[in-house]
Amino acid sequence: MKKQAIISAIAAAALFAVSGFAIAQSTGDSVKSLRGAQVDEAIGVEDVFHQDEQRFTRNYRQQPPLVPHSIDQYQIDLKANRCLSCHDWTTAGERNAPTLSMTHYMDRSGNQLDRVAGTRWFCNQCHVPQADAPALVDNTFKGSTGN
Ligand code: HEC
Ligand code: HEC
């Protein structure tokens, strides 16, 4: 008896789901997506959202420099770190990229290492790229030089 009640509850739920789907289908064009286009319609990315490709002035002396290139294509996980293929001291010269500063090769006890310290492994914890996109919220931040 109990089993049958559960089965009919499932059947009722399925019926409800199917009829809900039918209603959504029939309203068709009147459903507007948040981005203002049909779900399968490709819309180009506006120019403002492209990555800035210029080196940035630091806003205060200790600031981790902002990344002046896109980073989507560079994987960082437990084993791999693509950033090092250009920025590690062993590769930076031939890749013509700025070398990681010495602080990146010092472990938490102050020992100098030949490989990047674990505390500096996840680069984008501190270094972030910038997009020339409109600010989401206003802010009045001023760098320490007053800029
Ligand atoms: C294919 C080589 C390459 C890879 C991979 C790469 N970079 Fe760079 N990066 C460069 C070059 C070249 C510059 C200097 C750009 C310039 O001078 O305009 C640079 C600049 C930077 C700077 C600015 C340094 C400064 O003093 O202004 C940071 C920070 C940086 N990269 C972080 C990263 C991070 C984080 C990753 C991984 C997510 C990464 N890079 C991956 C080549 C690379
Ligand atoms: C805990 C924060 C932190 C992490 C993680 C970190 N950095 Fe940095 N990075 C900094 C700071 C702060 C500076 C500027 C001061 C300095 O050189 O120590 C800097 C400087 C740099 C510079 C400029 C060096 C120079 O002499 O101009 C490069 C390039 C760079 N980091 C790349 C990276 C890459 C690539 C990684 C990942 C392997 C990484 N950083 C991880 C904080 C960090």
# chains A, B, ... in the order shown; residues from 1 in each chain; ligands from 1
>>> residues_around(residues="Leu100 (chain A)", least_positions_apart="2", cutoff="7 Å", atoms="only C-alpha atoms", output="compact mmCIF listing (two decimals) with N, CA, C and O atoms, in the first residue's frame")
# COMPACT_ATOMS: atom_id res chain seq x y z
N HIS A 87 58.25 32.61 -16.67
CA HIS A 87 58.71 33.51 -15.60
C HIS A 87 59.74 32.92 -14.65
O HIS A 87 60.30 33.64 -13.83
N ASP A 88 59.96 31.61 -14.69
CA ASP A 88 60.94 31.03 -13.77
C ASP A 88 62.34 31.51 -14.18
O ASP A 88 62.58 31.79 -15.36
N TRP A 89 63.27 31.55 -13.23
CA TRP A 89 64.61 32.06 -13.56
C TRP A 89 65.30 31.20 -14.61
O TRP A 89 66.17 31.67 -15.32
N PRO A 98 59.75 39.00 -17.60
CA PRO A 98 60.37 39.36 -16.32
C PRO A 98 60.53 38.13 -15.42
O PRO A 98 59.61 37.32 -15.31
N MET A 102 63.31 37.47 -6.21
CA MET A 102 63.92 36.53 -5.26
C MET A 102 62.97 36.11 -4.15
O MET A 102 63.07 35.02 -3.61
N HIS A 104 60.12 35.10 -4.38
CA HIS A 104 59.35 33.94 -4.81
C HIS A 104 60.10 32.62 -4.61
O HIS A 104 59.55 31.55 -4.78
>>> residues_near_ligand(ligand="ligand 2", cutoff="8 Å", atoms="only C-alpha atoms and all ligand atoms", output="ChimeraX atom specification")
/A:61-65,81,83-84,86-88,97-104,116,119-127
>>> residues_around(residues="Asp72 (chain A)", least_positions_apart="3", cutoff="10 Å", atoms="only C-alpha atoms", output="PyMOL selection string")
chain A and resi 69+75+129
>>> residues_around(residues="Gln54 (chain A)", least_positions_apart="2", cutoff="9 Å", atoms="only C-alpha atoms", output="VMD selection string")
chain A and resid 52 56 67 to 69
>>> write_last_selection(atoms="all heavy atoms", output="compact mmCIF listing (two decimals), in the first residue's frame")
# COMPACT_ATOMS: atom_id res chain seq x y z
N ASP A 52 43.53 44.15 -21.35
CA ASP A 52 44.49 45.23 -21.52
C ASP A 52 45.86 44.63 -21.75
O ASP A 52 46.25 43.73 -21.02
CB ASP A 52 44.56 46.08 -20.25
CG ASP A 52 43.60 47.25 -20.31
OD1 ASP A 52 43.02 47.46 -21.36
OD2 ASP A 52 43.46 47.93 -19.28
N PHE A 56 51.46 47.60 -16.17
CA PHE A 56 50.84 48.56 -15.25
C PHE A 56 51.80 49.13 -14.23
O PHE A 56 52.67 48.43 -13.72
CB PHE A 56 49.69 47.87 -14.49
CG PHE A 56 48.62 47.36 -15.40
CD1 PHE A 56 48.63 46.03 -15.81
CD2 PHE A 56 47.59 48.19 -15.83
CE1 PHE A 56 47.63 45.55 -16.65
CE2 PHE A 56 46.60 47.71 -16.66
CZ PHE A 56 46.62 46.39 -17.08
N VAL A 67 48.87 41.57 -13.96
CA VAL A 67 49.28 40.78 -15.12
C VAL A 67 48.87 41.51 -16.40
O VAL A 67 47.70 41.79 -16.59
CB VAL A 67 48.63 39.38 -15.11
CG1 VAL A 67 49.17 38.54 -16.26
CG2 VAL A 67 48.88 38.69 -13.78
N PRO A 68 49.82 41.84 -17.28
CA PRO A 68 49.49 42.61 -18.48
C PRO A 68 49.12 41.76 -19.68
O PRO A 68 49.14 42.25 -20.80
CB PRO A 68 50.80 43.38 -18.74
CG PRO A 68 51.86 42.46 -18.25
CD PRO A 68 51.28 41.62 -17.15
N HIS A 69 48.83 40.46 -19.47
CA HIS A 69 48.44 39.61 -20.60
C HIS A 69 47.32 38.68 -20.13
O HIS A 69 47.09 38.57 -18.93
CB HIS A 69 49.64 38.80 -21.12
CG HIS A 69 50.37 38.05 -20.05
ND1 HIS A 69 49.83 36.95 -19.42
CD2 HIS A 69 51.59 38.25 -19.47
CE1 HIS A 69 50.70 36.52 -18.51
NE2 HIS A 69 51.77 37.29 -18.52
>>> select_by_dssp(residues="region 30-126 of chain A", states="alpha helix (DSSP H)", output="PyMOL selection string")
chain A and resi 84-87+92-95
>>> write_last_selection(atoms="N, CA and C atoms", output="compact mmCIF listing (two decimals), in the first residue's frame")
# COMPACT_ATOMS: atom_id res chain seq x y z
N LEU A 84 55.35 29.37 -15.01
CA LEU A 84 56.78 29.19 -14.81
C LEU A 84 57.52 28.95 -16.12
N SER A 85 56.81 28.49 -17.15
CA SER A 85 57.48 28.23 -18.42
C SER A 85 58.01 29.53 -19.04
N CYS A 86 57.55 30.66 -18.55
CA CYS A 86 58.11 31.94 -19.02
C CYS A 86 58.75 32.76 -17.90
N HIS A 87 58.25 32.61 -16.67
CA HIS A 87 58.71 33.51 -15.60
C HIS A 87 59.74 32.92 -14.65
N ALA A 92 63.08 32.52 -18.08
CA ALA A 92 62.69 33.90 -18.37
C ALA A 92 63.57 34.57 -19.42
N GLY A 93 64.87 34.28 -19.37
CA GLY A 93 65.77 34.90 -20.33
C GLY A 93 65.38 34.61 -21.76
N GLU A 94 65.25 33.33 -22.06
CA GLU A 94 64.94 32.98 -23.46
C GLU A 94 63.51 33.34 -23.86
N ARG A 95 62.58 33.44 -22.89
CA ARG A 95 61.20 33.82 -23.21
C ARG A 95 61.01 35.32 -23.17
>>> atom_distance(atom1="CA of Arg115 (chain A)", atom2="CA of Thr57 (chain A)")
27.4 Å
>>> atom_distance(atom1="atom 36 (C, counted along the ligand's line) of ligand 1", atom2="CA of Thr140 (chain A)")
28.4 Å
>>> atom_distance(atom1="atom 3 (C, counted along the ligand's line) of ligand 1", atom2="CA of Arg82 (chain A)")
7.9 Å
